[in-house]
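Here is my_file_37.txt, consisting of compact mmCIF, C-alpha atoms and all ligand atoms:
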```
# COMPACT_ATOMS: atom_id res chain seq x y z
CA MET A 24 -1.17 -104.88 27.92
CA ASP A 25 -2.64 -102.04 25.90
CA HIS A 26 -1.13 -102.06 22.44
CA GLU A 27 -3.32 -99.44 20.87
CA ILE A 28 -1.53 -96.76 18.89
CA HIS A 29 -3.24 -93.47 18.17
CA CYS A 30 -2.26 -90.20 16.64
CA GLN A 31 -4.05 -86.94 15.96
CA TYR A 32 -5.08 -85.97 12.44
CA PHE A 33 -5.34 -82.28 11.54
CA SER A 34 -6.78 -81.03 8.27
CA GLN A 35 -5.84 -77.58 7.00
CA GLU A 36 -9.19 -76.33 8.29
CA ASP A 37 -8.51 -77.80 11.76
CA LEU A 38 -5.19 -75.95 11.86
CA LEU A 39 -6.67 -72.69 10.62
CA GLY A 40 -9.61 -73.01 13.02
CA ALA A 41 -7.19 -73.48 15.92
CA GLY A 42 -5.47 -70.19 15.09
CA CYS A 43 -2.32 -71.66 13.60
CA LEU A 44 -2.04 -68.99 10.91
CA ASP A 45 -0.26 -66.88 13.49
CA ILE A 46 3.03 -65.44 12.30
CA GLY A 47 3.97 -64.37 15.83
CA MET A 48 3.78 -68.03 16.89
CA THR A 49 5.66 -69.28 13.83
CA MET A 50 8.37 -66.61 14.19
CA ARG A 51 9.00 -67.72 17.77
CA ALA A 52 9.15 -71.38 16.66
CA ALA A 53 11.46 -70.56 13.75
CA GLU A 54 13.78 -68.45 15.89
CA GLU A 55 14.03 -71.18 18.53
CA SER A 56 14.70 -73.79 15.83
CA LEU A 57 17.52 -71.73 14.31
CA LYS A 58 19.11 -71.47 17.76
CA ALA A 59 18.57 -75.18 18.46
CA PHE A 60 20.22 -76.12 15.17
CA HIS A 61 23.12 -73.75 15.91
CA GLU A 62 23.57 -75.44 19.31
CA GLY A 63 23.65 -78.92 17.74
CA ASP A 64 20.25 -79.93 19.11
CA VAL A 65 18.71 -80.80 15.72
CA MET A 66 19.24 -83.90 13.61
CA PHE A 67 18.86 -82.81 9.99
CA PRO A 68 19.70 -85.48 7.41
CA GLU A 69 19.83 -84.85 3.67
CA LYS A 70 16.45 -84.63 1.99
CA ILE A 71 15.41 -87.42 -0.34
CA VAL A 72 14.38 -86.23 -3.78
CA GLN A 73 12.44 -88.29 -6.32
CA ILE A 74 12.03 -86.54 -9.68
CA PHE A 75 9.49 -88.21 -11.95
CA ASN A 76 9.96 -85.97 -14.96
CA ASP A 77 13.30 -84.23 -15.65
CA GLU A 78 11.72 -81.77 -18.03
CA THR A 79 8.82 -80.61 -15.86
CA GLN A 80 10.58 -81.31 -12.53
CA GLU A 81 7.52 -83.08 -11.15
CA ARG A 82 8.81 -84.42 -7.84
CA ILE A 83 8.12 -85.61 -4.31
CA ASN A 84 10.65 -84.76 -1.60
CA CYS A 85 11.02 -86.27 1.86
CA LEU A 86 12.49 -83.88 4.45
CA PRO A 87 13.05 -85.15 7.99
CA ALA A 88 14.37 -83.45 11.14
CA THR A 89 14.51 -84.24 14.87
CA PHE A 90 14.50 -81.85 17.81
CA LYS A 91 16.43 -83.81 20.42
CA THR A 92 15.51 -81.83 23.54
CA GLN A 93 11.85 -81.65 22.54
CA LYS A 94 12.05 -85.36 21.70
CA ILE A 95 10.07 -84.98 18.49
CA CYS A 96 10.99 -86.27 15.06
CA GLY A 97 9.10 -85.01 12.03
CA VAL A 98 9.02 -85.32 8.29
CA LYS A 99 7.56 -83.19 5.54
CA TRP A 100 6.45 -85.15 2.48
CA VAL A 101 6.04 -82.51 -0.21
CA SER A 102 4.97 -82.78 -3.85
CA VAL A 103 5.83 -80.14 -6.40
CA PHE A 104 4.13 -80.65 -9.77
CA PRO A 105 4.84 -77.44 -11.73
CA PRO A 106 2.48 -78.19 -14.68
CA ASN A 107 -0.57 -78.58 -12.38
CA PRO A 108 -1.92 -74.99 -12.56
CA VAL A 109 -1.83 -74.69 -16.36
CA LYS A 110 -2.63 -78.31 -17.17
CA TYR A 111 -5.31 -79.01 -14.59
CA GLY A 112 -6.11 -75.68 -12.90
CA ILE A 113 -4.96 -77.02 -9.52
CA GLN A 114 -2.18 -76.09 -7.11
CA ASN A 115 1.36 -77.24 -7.83
CA LEU A 116 2.41 -77.82 -4.24
CA SER A 117 0.89 -80.14 -1.64
CA ALA A 118 2.37 -81.54 1.52
CA VAL A 119 1.67 -83.63 4.58
CA ILE A 120 3.64 -83.77 7.83
CA ILE A 121 4.10 -86.62 10.30
CA LEU A 122 5.37 -86.01 13.83
CA SER A 123 6.55 -88.82 16.13
CA GLU A 124 7.69 -88.78 19.74
CA ILE A 125 11.09 -90.38 20.25
CA GLU A 126 10.57 -91.99 23.65
CA HIS A 127 8.63 -94.93 22.20
CA GLY A 128 8.92 -93.93 18.56
CA PHE A 129 5.17 -93.70 17.98
CA PRO A 130 3.47 -91.18 15.69
CA ILE A 131 1.68 -88.34 17.47
CA ALA A 132 0.36 -86.27 14.58
CA PHE A 133 -0.46 -86.46 10.90
CA MET A 134 -1.33 -83.11 9.37
CA GLU A 135 -1.89 -81.18 6.20
CA GLY A 136 1.46 -79.59 5.40
CA THR A 137 0.97 -76.94 2.70
CA LEU A 138 -0.13 -74.40 5.30
CA CYS A 139 2.94 -75.10 7.42
CA SER A 140 5.23 -75.03 4.41
CA ASN A 141 3.91 -71.67 3.17
CA LEU A 142 3.93 -70.30 6.71
CA ARG A 143 7.62 -71.21 6.97
CA VAL A 144 8.43 -69.26 3.80
CA GLY A 145 6.59 -66.16 5.03
CA THR A 146 7.94 -66.58 8.55
CA MET A 147 11.56 -66.60 7.43
CA GLY A 148 10.93 -63.41 5.43
CA ALA A 149 9.29 -61.85 8.50
CA LEU A 150 12.14 -62.90 10.76
CA ALA A 151 14.65 -61.39 8.36
CA ALA A 152 12.55 -58.21 8.23
CA LYS A 153 12.58 -58.03 12.04
CA TYR A 154 16.37 -57.65 11.94
CA LEU A 155 16.90 -56.07 8.54
CA ALA A 156 13.98 -53.87 7.51
CA ARG A 157 13.57 -50.28 8.67
CA PRO A 158 11.31 -50.55 11.74
CA ASP A 159 9.36 -47.52 10.47
CA ALA A 160 8.76 -49.03 7.00
CA GLU A 161 5.37 -47.99 5.59
CA SER A 162 5.32 -49.33 2.04
CA ILE A 163 5.75 -52.81 0.62
CA GLY A 164 5.94 -53.76 -3.06
CA PHE A 165 5.45 -57.21 -4.55
CA ILE A 166 6.48 -58.72 -7.84
CA GLY A 167 4.35 -61.86 -8.01
CA ALA A 168 0.86 -62.23 -6.56
CA GLY A 169 0.73 -65.96 -5.84
CA GLU A 170 0.53 -68.09 -2.71
CA GLN A 171 3.93 -67.10 -1.32
CA ALA A 172 3.32 -63.40 -1.97
CA LYS A 173 0.03 -63.52 -0.05
CA MET A 174 1.56 -65.26 2.95
CA HIS A 175 4.53 -62.88 2.81
CA LEU A 176 2.21 -59.88 3.08
CA ILE A 177 0.60 -61.21 6.28
CA ALA A 178 4.05 -62.13 7.61
CA MET A 179 5.60 -58.74 6.83
CA LYS A 180 2.68 -56.85 8.35
CA THR A 181 3.14 -58.90 11.53
CA ALA A 182 6.88 -58.18 11.65
CA ILE A 183 6.50 -54.51 10.64
CA PRO A 184 3.16 -53.23 11.98
CA SER A 185 3.82 -49.74 10.54
CA LEU A 186 3.24 -51.04 6.98
CA LYS A 187 0.24 -49.26 5.50
CA GLN A 188 0.63 -49.34 1.71
CA CYS A 189 1.05 -52.37 -0.51
CA ARG A 190 1.50 -52.39 -4.28
CA VAL A 191 1.47 -55.60 -6.27
CA GLY A 192 2.55 -56.33 -9.84
CA ALA A 193 2.17 -59.77 -11.42
CA LYS A 194 2.19 -61.36 -14.85
CA LEU A 195 -1.58 -61.12 -15.22
CA GLU A 196 -3.97 -58.45 -13.97
CA SER A 197 -6.37 -61.21 -12.96
CA GLU A 198 -3.75 -62.52 -10.49
CA GLU A 199 -3.32 -59.04 -9.05
CA GLN A 200 -7.11 -58.74 -8.70
CA GLN A 201 -7.29 -62.07 -6.89
CA PHE A 202 -4.52 -60.88 -4.54
CA LEU A 203 -6.52 -57.72 -3.79
CA ASP A 204 -9.78 -59.60 -3.31
CA GLU A 205 -8.21 -62.12 -0.93
CA MET A 206 -5.88 -59.83 1.03
CA ARG A 207 -7.98 -56.68 1.53
CA PRO A 208 -10.46 -58.34 3.96
CA ILE A 209 -7.57 -59.81 6.00
CA LEU A 210 -5.61 -56.55 6.25
CA PRO A 211 -8.19 -53.73 6.21
CA ASP A 212 -5.67 -51.21 7.59
CA VAL A 213 -3.31 -51.68 4.62
CA GLU A 214 -4.09 -49.91 1.37
CA ILE A 215 -3.52 -52.62 -1.24
CA VAL A 216 -3.41 -51.73 -4.95
CA GLY A 217 -2.54 -53.52 -8.16
CA THR A 218 -0.30 -51.91 -10.77
CA GLY A 219 -1.73 -53.48 -13.92
CA THR A 220 1.37 -55.68 -14.43
CA ASP A 221 3.72 -52.67 -14.14
CA LEU A 222 6.50 -54.23 -12.06
CA GLN A 223 8.46 -51.02 -11.62
CA ALA A 224 5.40 -49.23 -10.27
CA ALA A 225 4.90 -52.08 -7.81
CA VAL A 226 8.30 -51.88 -6.13
CA ALA A 227 9.95 -48.55 -6.98
CA ASP A 228 10.61 -46.61 -3.80
CA ALA A 229 9.06 -49.28 -1.57
CA ASP A 230 10.57 -49.67 1.91
CA VAL A 231 10.16 -53.43 1.61
CA ILE A 232 10.37 -55.33 -1.68
CA VAL A 233 9.32 -58.95 -2.17
CA THR A 234 9.77 -60.98 -5.33
CA ALA A 235 7.84 -64.26 -5.25
CA THR A 236 7.41 -65.42 -8.82
CA SER A 237 7.59 -68.55 -10.90
CA ALA A 238 9.57 -66.58 -13.51
CA GLN A 239 13.16 -67.34 -14.39
CA ALA A 240 14.16 -63.82 -15.43
CA PRO A 241 15.82 -60.68 -13.99
CA LEU A 242 12.55 -58.89 -13.25
CA LEU A 243 13.67 -56.64 -10.39
CA LYS A 244 16.09 -53.87 -11.38
CA ALA A 245 18.67 -52.36 -9.05
CA ALA A 246 17.59 -48.85 -10.02
CA TRP A 247 14.16 -49.48 -8.48
CA MET A 248 15.57 -50.15 -5.00
CA LYS A 249 15.80 -47.01 -2.90
CA PRO A 250 18.30 -46.43 -0.06
CA GLY A 251 17.04 -48.09 3.10
CA ALA A 252 15.03 -50.77 1.26
CA PHE A 253 14.84 -54.33 2.50
CA TYR A 254 14.43 -57.00 -0.18
CA SER A 255 13.12 -60.53 0.42
CA HIS A 256 13.82 -62.79 -2.53
CA VAL A 257 11.54 -65.84 -2.48
CA GLY A 258 11.55 -67.45 -5.92
CA GLY A 259 14.28 -68.56 -8.33
CA TRP A 260 15.97 -66.14 -10.70
CA GLU A 261 13.94 -62.94 -10.34
CA ASP A 262 16.37 -60.01 -10.09
CA GLU A 263 19.31 -58.66 -12.06
CA TYR A 264 22.77 -59.25 -10.57
CA ALA A 265 23.10 -55.52 -9.96
CA VAL A 266 20.48 -55.77 -7.18
CA ALA A 267 22.72 -57.88 -4.94
CA GLU A 268 25.77 -55.88 -6.06
CA LYS A 269 24.09 -52.65 -4.98
CA CYS A 270 23.04 -53.99 -1.57
CA ASP A 271 25.09 -53.17 1.52
CA LYS A 272 24.30 -56.49 3.18
CA ILE A 273 23.31 -59.90 1.88
CA VAL A 274 21.83 -62.34 4.41
CA CYS A 275 20.66 -65.91 3.78
CA ASP A 276 18.85 -68.56 5.75
CA ASP A 277 21.92 -70.69 5.08
CA TRP A 278 24.50 -69.50 2.57
CA GLU A 279 26.08 -72.94 2.11
CA THR A 280 22.68 -74.29 1.05
CA VAL A 281 21.84 -71.26 -1.08
CA LYS A 282 25.14 -71.60 -2.97
CA HIS A 283 24.20 -74.94 -4.46
CA ARG A 284 20.70 -74.04 -5.67
CA THR A 285 19.50 -72.15 -8.72
CA GLN A 286 18.25 -68.76 -7.61
CA THR A 287 19.94 -65.44 -8.37
CA LEU A 288 22.59 -65.56 -5.61
CA SER A 289 23.47 -69.15 -6.54
CA ARG A 290 23.80 -68.15 -10.21
CA MET A 291 26.00 -65.21 -9.25
CA TYR A 292 28.21 -67.50 -7.13
CA LYS A 293 28.57 -70.01 -9.96
CA ASP A 294 29.32 -67.19 -12.43
CA GLY A 295 32.01 -65.78 -10.13
CA ALA A 296 29.97 -62.62 -9.53
CA LEU A 297 29.62 -63.28 -5.78
CA SER A 298 31.96 -64.84 -3.21
CA ASP A 299 31.70 -65.99 0.42
CA ALA A 300 33.15 -62.64 1.50
CA ASP A 301 30.16 -60.79 -0.01
CA ILE A 302 27.74 -62.51 2.36
CA HIS A 303 27.08 -60.69 5.63
CA GLY A 304 25.86 -63.84 7.35
CA ASN A 305 23.12 -66.34 8.04
CA LEU A 306 19.89 -65.37 9.78
CA VAL A 307 20.78 -67.30 12.94
CA GLU A 308 23.81 -65.03 13.46
CA LEU A 309 21.46 -62.05 13.70
CA VAL A 310 19.11 -63.98 15.99
CA ILE A 311 21.88 -64.85 18.47
CA GLY A 312 23.48 -61.41 18.09
CA SER A 313 26.87 -62.48 16.78
CA LYS A 314 26.39 -60.27 13.71
CA PRO A 315 24.52 -56.97 13.45
CA GLY A 316 21.26 -56.59 11.56
CA ARG A 317 20.42 -53.23 10.02
CA GLU A 318 22.85 -50.54 11.20
CA THR A 319 21.69 -47.43 9.31
CA ASP A 320 18.48 -46.10 7.75
CA GLN A 321 20.20 -45.91 4.38
CA GLU A 322 21.39 -49.52 3.94
CA ARG A 323 19.91 -51.60 1.16
CA ILE A 324 19.62 -55.18 2.39
CA TYR A 325 19.04 -58.42 0.48
CA PHE A 326 17.61 -61.57 2.08
CA ASN A 327 17.33 -64.96 0.42
CA ALA A 328 15.98 -68.14 2.00
CA VAL A 329 15.85 -71.41 0.13
CA GLY A 330 14.17 -73.29 2.94
CA LEU A 331 15.45 -75.29 5.91
CA ALA A 332 13.08 -78.18 6.53
CA TYR A 333 13.86 -78.35 10.23
CA VAL A 334 12.12 -74.97 10.49
CA ASP A 335 9.04 -76.54 8.87
CA VAL A 336 9.13 -79.30 11.50
CA ALA A 337 9.51 -76.75 14.31
CA ILE A 338 6.52 -74.80 13.00
CA ALA A 339 4.53 -78.04 12.64
CA ILE A 340 5.24 -78.86 16.30
CA ALA A 341 3.97 -75.43 17.36
CA MET A 342 0.86 -75.90 15.20
CA TYR A 343 0.27 -79.38 16.62
CA GLU A 344 0.52 -78.09 20.19
CA ARG A 345 -1.86 -75.20 19.53
CA ALA A 346 -4.37 -77.32 17.61
CA SER A 347 -4.31 -80.08 20.26
CA ALA A 348 -4.81 -77.56 23.05
CA ALA A 349 -7.78 -76.15 21.12
CA GLY A 350 -9.30 -79.63 20.92
CA MET A 351 -9.18 -79.61 17.13
CA GLY A 352 -8.41 -82.62 14.93
CA GLN A 353 -9.51 -86.21 14.99
CA ASP A 354 -8.21 -89.25 16.74
CA LEU A 355 -6.61 -91.56 14.19
CA LYS A 356 -6.35 -95.14 15.32
CA ILE A 357 -3.18 -96.68 13.88
CA GLN A 358 -3.67 -100.08 15.49
CA HIS A 359 -5.99 -101.59 18.08
CA GLU A 360 -3.60 -104.34 19.12
CA MET A 361 -0.52 -106.15 17.87
CA ILE A 362 -0.83 -108.31 14.77
CA PHE A 363 -1.05 -111.71 16.51
CA GLU A 364 -3.31 -110.42 19.28
CA HIS A 365 -6.25 -110.04 16.88
CA ALA A 366 -8.83 -112.64 17.91
CA HIS A 367 -9.97 -113.12 14.32
CA LEU A 368 -6.56 -113.08 12.70
CA ARG A 369 -6.96 -116.63 11.41
CA ASP A 370 -10.00 -115.48 9.42
CA TRP A 371 -8.00 -112.69 7.89
CA VAL A 372 -4.83 -114.55 6.94
CA ARG A 373 -4.48 -115.38 3.24
CA MET A 374 -1.90 -117.93 2.19
CA SER A 375 -2.40 -117.84 -1.55
N1 LIG B 401 12.33 -69.81 -0.89
C1 LIG B 401 11.52 -70.78 -0.50
O1 LIG B 401 11.70 -71.38 0.56
C2 LIG B 401 10.35 -71.15 -1.37
C3 LIG B 401 9.38 -72.03 -0.90
C4 LIG B 401 8.27 -72.31 -1.71
C5 LIG B 401 8.19 -71.74 -2.98
N2 LIG B 401 9.21 -70.93 -3.42
C6 LIG B 401 9.17 -70.33 -4.75
O2 LIG B 401 8.41 -69.14 -4.69
C7 LIG B 401 7.96 -68.82 -6.01
C8 LIG B 401 6.50 -68.41 -5.96
O3 LIG B 401 5.72 -69.50 -5.49
P1 LIG B 401 4.13 -69.39 -5.42
O4 LIG B 401 3.66 -70.61 -4.70
O5 LIG B 401 3.74 -68.07 -4.90
O6 LIG B 401 3.76 -69.50 -6.95
P2 LIG B 401 2.40 -69.08 -7.67
O7 LIG B 401 2.34 -69.90 -8.89
O8 LIG B 401 1.26 -69.09 -6.71
O9 LIG B 401 2.64 -67.55 -8.10
C9 LIG B 401 3.62 -67.20 -9.04
C10 LIG B 401 3.51 -65.73 -9.33
O10 LIG B 401 4.59 -65.41 -10.21
C11 LIG B 401 4.13 -64.41 -11.08
N3 LIG B 401 4.96 -64.33 -12.28
C12 LIG B 401 5.40 -65.35 -13.05
N4 LIG B 401 6.10 -64.84 -14.09
C13 LIG B 401 6.10 -63.50 -13.95
C14 LIG B 401 6.64 -62.43 -14.70
N5 LIG B 401 7.36 -62.65 -15.79
N6 LIG B 401 6.43 -61.16 -14.26
C15 LIG B 401 5.74 -60.94 -13.12
N7 LIG B 401 5.20 -61.91 -12.37
C16 LIG B 401 5.38 -63.17 -12.78
C17 LIG B 401 2.72 -64.83 -11.42
O11 LIG B 401 2.02 -63.73 -11.91
C18 LIG B 401 2.23 -65.32 -10.06
O12 LIG B 401 1.62 -64.27 -9.37
C19 LIG B 401 8.21 -70.07 -6.85
O13 LIG B 401 9.37 -69.85 -7.63
C20 LIG B 401 8.50 -71.13 -5.83
O14 LIG B 401 9.36 -72.14 -6.31
C21 LIG B 401 10.26 -70.61 -2.63
```
Structure translated into C-alpha cells:
Amino acid sequence: MDHEIHCQYFSQEDLLGAGCLDIGMTMRAAEESLKAFHEGDVMFPEKIVQIFNDETQERINCLPATFKTQKICGVKWVSVFPPNPVKYGIQNLSAVIILSEIEHGFPIAFMEGTLCSNLRVGTMGALAAKYLARPDAESIGFIGAGEQAKMHLIAMKTAIPSLKQCRVGAKLESEEQQFLDEMRPILPDVEIVGTGTDLQAAVADADVIVTATSAQAPLLKAAWMKPGAFYSHVGGWEDEYAVAEKCDKIVCDDWETVKHRTQTLSRMYKDGALSDADIHGNLVELVIGSKPGRETDQERIYFNAVGLAYVDVAIAIAMYERASAAGMGQDLKIQHEMIFEHAHLRDWVRMS
C-alpha cells in the first residue's frame, strides 16, 4: 500500500505570483467565512499564546480553525517580536500556515503566512467599507504608513473604486516617502501625497480615515472627522474617546472579542465610557442583512477589527486553491513510507 504523504509548499512569492494578492478574492472568502461561523460550521478553539518577554511582548501565537463543510482544518503560527524593527532592522511579524484535509487528517499545504495575515486585516477593513463607507467616497486619509496601512489602501481602493486621493501622515517623513514610493506604482490612478507628519492634514475632511499605527496615543481627533466619514481603526489606542462618541454607528468584527483587548474601544468599555448598547453590531450582521449598514450620507461610522483567525484560515484556503490551480508551489514530501517499512531502518536506528 502507498504510504507516501505529500503536501504543497508555497512561498510568499509563489502566492503573489499566482495572483493571491486579490482583495476581491479575499473579500469573498472572508464574507463566506463570517456566514459559515454564524451558521455554526466553523470550529474555532481559543488561541494559544506564548509570551517570551512580558516587557517587550515578544510572542508566538497558535491560532487554529476548521471549516467543517469544506473539510479543511488550518492553523496560523504567528510570531510578533515588537523590538525587531528598531533592534535589528527587520519586520516584527512573521507567520506560516498549515492546512490539513479532515478525511484522512493529512496536511495539504504549508505556506508563508504574513501575506495572508496582512491580507485579512485589509480585507476586513474593505468588507466593512463595502457596507459602511459612502459608495461615492473619493478621498482616503491615513495615520500610519506601515505594512497594514499599505495593504489597507489596496483593499479600500478595491472596495471603493471611486477613491482618487490619498493623504498619508506618519511619525517619520521617511516612512511616508516609502509609502509613496511603494504605493504609487501599484495605484497609478490614485493621487497619493505625504503630509510631512501632519496628522490632521492627512485625515481632515477625508471620506475614509484609517489609523494603522504602532502608537499608543489618542492621535485621531473627533474634530477632524467630517459628516459622512467612515473610519477603520486598525492598531491599538490611536484615537481620542470623542471619535467613537461622535460616531453614529460603531461596528466590530466581533464586539465580544474587541471588549477584552486593549485598543480604544476596549479601553472605553473598561473605563465605562462605552456599553454594549452603543455598538451597532458585528460585521456578519451586515453581511447577512440582519442589521443595516450605512443609512445616510451624513453618518459618521467607526469600524474596529481585532482579528478572527478563522478568517485567516478561510483566506489561506482560497490562496491555496488559486496557487495550486496556477501550478505554483513545490511538492513537499512528508514521508515516503511508514516508519517500519523503510528497508534500511535497521541501519538508521540508534539505541544509545
Ligand atoms: N486589527 C488587526 O487585526 C491587526 C492585525 C495586525 C496588526 N495590527 C496592528 O496594526 C498596527 C500597525 O501595524 P503595522 O504592521 O502597519 O506596523 P508598522 O510598524 O509597519 O507601521 C507602524 C506605523 O505607525 C506609525 N506611527 C507610530 N507612532 C506614530 C505616531 N505617534 N504618530 C503617527 N504615526 C505613528 C509609524 O510611523 C508607522 O508608519 C499595529 O498596532 C499592529 O499591532 C492590527
> Which is closest to Leu86 of chain A among A:Val336, A:Ala172, A:Val257, A:Ala341, if we use only C-alpha atoms?
Replying inline: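 Using only C-alpha atoms, Leu86 of chain A sits closest to A:Val336.
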Mind running chain A against ligand LIG 401 (chain B) at 6 Å and telling me each contacting residue's nearest atom pair with the distance in Å (one decimal), counting all atoms listed in the file, chain and number ascending, as JSON lines?
```
{"residue": "A:Val144", "atom": "CA", "partner": "B:LIG401", "partner_atom": "O1", "distance": 5.1}
{"residue": "A:Ile166", "atom": "CA", "partner": "B:LIG401", "partner_atom": "N7", "distance": 5.7}
{"residue": "A:Gly167", "atom": "CA", "partner": "B:LIG401", "partner_atom": "O12", "distance": 3.9}
{"residue": "A:Ala168", "atom": "CA", "partner": "B:LIG401", "partner_atom": "O12", "distance": 3.6}
{"residue": "A:Gly169", "atom": "CA", "partner": "B:LIG401", "partner_atom": "O8", "distance": 3.3}
{"residue": "A:Glu170", "atom": "CA", "partner": "B:LIG401", "partner_atom": "O5", "distance": 3.9}
{"residue": "A:Gln171", "atom": "CA", "partner": "B:LIG401", "partner_atom": "O5", "distance": 3.7}
{"residue": "A:Ala172", "atom": "CA", "partner": "B:LIG401", "partner_atom": "O5", "distance": 5.5}
{"residue": "A:Ala193", "atom": "CA", "partner": "B:LIG401", "partner_atom": "N7", "distance": 3.8}
{"residue": "A:Lys194", "atom": "CA", "partner": "B:LIG401", "partner_atom": "O11", "distance": 3.8}
{"residue": "A:Leu195", "atom": "CA", "partner": "B:LIG401", "partner_atom": "O11", "distance": 5.5}
{"residue": "A:Glu198", "atom": "CA", "partner": "B:LIG401", "partner_atom": "O12", "distance": 5.8}
{"residue": "A:Ala235", "atom": "CA", "partner": "B:LIG401", "partner_atom": "C8", "distance": 4.4}
{"residue": "A:Thr236", "atom": "CA", "partner": "B:LIG401", "partner_atom": "O10", "distance": 3.1}
{"residue": "A:Ser237", "atom": "CA", "partner": "B:LIG401", "partner_atom": "O13", "distance": 3.9}
{"residue": "A:Ala238", "atom": "CA", "partner": "B:LIG401", "partner_atom": "N4", "distance": 3.9}
{"residue": "A:Val257", "atom": "CA", "partner": "B:LIG401", "partner_atom": "N1", "distance": 4.3}
{"residue": "A:Gly258", "atom": "CA", "partner": "B:LIG401", "partner_atom": "O13", "distance": 3.7}
{"residue": "A:Gly259", "atom": "CA", "partner": "B:LIG401", "partner_atom": "O13", "distance": 5.1}
{"residue": "A:Ala328", "atom": "CA", "partner": "B:LIG401", "partner_atom": "N1", "distance": 4.9}
{"residue": "A:Val329", "atom": "CA", "partner": "B:LIG401", "partner_atom": "N1", "distance": 4.0}
{"residue": "A:Gly330", "atom": "CA", "partner": "B:LIG401", "partner_atom": "O1", "distance": 3.9}
```
Preceding selection exported with C-alpha atoms as an mmCIF file, in the coordinates of the input:
```cif
data_model
loop_
_atom_site.group_PDB
_atom_site.id
_atom_site.type_symbol
_atom_site.label_atom_id
_atom_site.label_comp_id
_atom_site.auth_asym_id
_atom_site.auth_seq_id
_atom_site.Cartn_x
_atom_site.Cartn_y
_atom_site.Cartn_z
ATOM 1 C CA VAL A 144 8.430 -69.260 3.800
ATOM 2 C CA ILE A 166 6.480 -58.720 -7.840
ATOM 3 C CA GLY A 167 4.350 -61.860 -8.010
ATOM 4 C CA ALA A 168 0.860 -62.230 -6.560
ATOM 5 C CA GLY A 169 0.730 -65.960 -5.840
ATOM 6 C CA GLU A 170 0.530 -68.090 -2.710
ATOM 7 C CA GLN A 171 3.930 -67.100 -1.320
ATOM 8 C CA ALA A 172 3.320 -63.400 -1.970
ATOM 9 C CA ALA A 193 2.170 -59.770 -11.420
ATOM 10 C CA LYS A 194 2.190 -61.360 -14.850
ATOM 11 C CA LEU A 195 -1.580 -61.120 -15.220
ATOM 12 C CA GLU A 198 -3.750 -62.520 -10.490
ATOM 13 C CA ALA A 235 7.840 -64.260 -5.250
ATOM 14 C CA THR A 236 7.410 -65.420 -8.820
ATOM 15 C CA SER A 237 7.590 -68.550 -10.900
ATOM 16 C CA ALA A 238 9.570 -66.580 -13.510
ATOM 17 C CA VAL A 257 11.540 -65.840 -2.480
ATOM 18 C CA GLY A 258 11.550 -67.450 -5.920
ATOM 19 C CA GLY A 259 14.280 -68.560 -8.330
ATOM 20 C CA ALA A 328 15.980 -68.140 2.000
ATOM 21 C CA VAL A 329 15.850 -71.410 0.130
ATOM 22 C CA GLY A 330 14.170 -73.290 2.940
#
```
>> Here is a test: counting all atoms listed in the file, which residue of A:Tyr333, A:Tyr254, A:Trp247, A:Tyr111 is nearest to Ala152 of chain A?
In response: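 That would be A:Tyr254, the residue with the smallest distance to Ala152 of chain A.
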> Which is closest to Asp277 of chain A among A:Leu297, A:Leu57, A:Val213, A:Met134, if we use all atoms listed in the file?
Replying inline: A:Leu57
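One finds atom CA of Ser185 of chain A at 17.2 Å from atom CA of Val216 of chain A.
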>> Could you check the closest approach to Val233 of chain A for each of A:Ile71, A:Ile121, A:Ala178, A:Leu38 and tell me which residue wins, using all atoms listed in the file?
In response: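 Closest residue, counting all atoms listed in the file: A:Ala178.
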> Around (19.2, -86.0, 14.3) in the file's frame, which residues reach within 9 Å when counting only C-alpha atoms? Return as a PyMOL selection string?
Replying inline: chain A and resi 64-68+87-91+96
> Could you pull the residues within 7 Å of Ala132 of chain A, counting all atoms listed in the file, minus those fewer than 6 positions along the same chain, as number ranges by chain?
Replying inline: A: 30-32, 121-123
Keeping only C-alpha atoms, write the selected residues to a file as a PDB file, in the coordinates of the input.
```pdb
ATOM      1  CA  CYS A  30      -2.260 -90.200  16.640  1.00  0.00           C
ATOM      2  CA  GLN A  31      -4.050 -86.940  15.960  1.00  0.00           C
ATOM      3  CA  TYR A  32      -5.080 -85.970  12.440  1.00  0.00           C
ATOM      4  CA  ILE A 121       4.100 -86.620  10.300  1.00  0.00           C
ATOM      5  CA  LEU A 122       5.370 -86.010  13.830  1.00  0.00           C
ATOM      6  CA  SER A 123       6.550 -88.820  16.130  1.00  0.00           C
TER       7      SER A 123
END
```
>> Nearest residue to Met361 of chain A out of A:Leu39, A:Val109, A:Ala332, A:Ile28, using only C-alpha atoms?
In response: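 Of all the options, A:Ile28 lies closest to Met361 of chain A.
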> Nearest to Lys94 of chain A among A:Asn107, A:Ile131, A:Glu54, A:Ile120, with distances taken over only C-alpha atoms: which residue is it?
Replying inline: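 Nearest candidate to Lys94 of chain A out of A:Asn107, A:Ile131, A:Glu54, A:Ile120: A:Ile131.
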>> Can you measure atom CA of Glu308 of chain A to atom CA of Ala151 of chain A for me? One decimal in Å is fine.
In response: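 Atom CA of Ala151 of chain A lies 11.1 Å from atom CA of Glu308 of chain A.
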>> Please list as an MDAnalysis selection string every residue within 12 Å of Ala252 of chain A, counting all atoms listed in the file and excluding residues in the same chain fewer than 2 positions away.
In response: chainID A and resid 152 155:164 226:233 245:250 254:255 266 269:272 317 319:326
Near-Asn84 of chain A list (8 Å; all atoms listed in the file; drop same-chain fewer than 6 positions) as a JSON list (two decimals) with C-alpha atoms, in the coordinates of the input:
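Result file out_13.json:
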```
[["chain", "number", "residue", "atom", "x", "y", "z"],
["A", 70, "LYS", "CA", 16.45, -84.63, 1.99],
["A", 71, "ILE", "CA", 15.41, -87.42, -0.34],
["A", 72, "VAL", "CA", 14.38, -86.23, -3.78],
["A", 73, "GLN", "CA", 12.44, -88.29, -6.32],
["A", 99, "LYS", "CA", 7.56, -83.19, 5.54],
["A", 100, "TRP", "CA", 6.45, -85.15, 2.48],
["A", 101, "VAL", "CA", 6.04, -82.51, -0.21],
["A", 102, "SER", "CA", 4.97, -82.78, -3.85]]
```
> Is there a way to get, as a VMD selection string, all residues within 9 Å of the point (-1.5, -49.3, 5.6) in file coordinates, counting all atoms listed in the file?
Replying inline: chain A and resid 161 to 162 184 to 189 210 to 215
> When you draw a straight line from atom CA of Asn76 of chain A to atom CA of Pro108 of chain A, how long is it in Å?
Replying inline: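 If I compute the distance from atom CA of Asn76 of chain A to atom CA of Pro108 of chain A, I get 16.4 Å.
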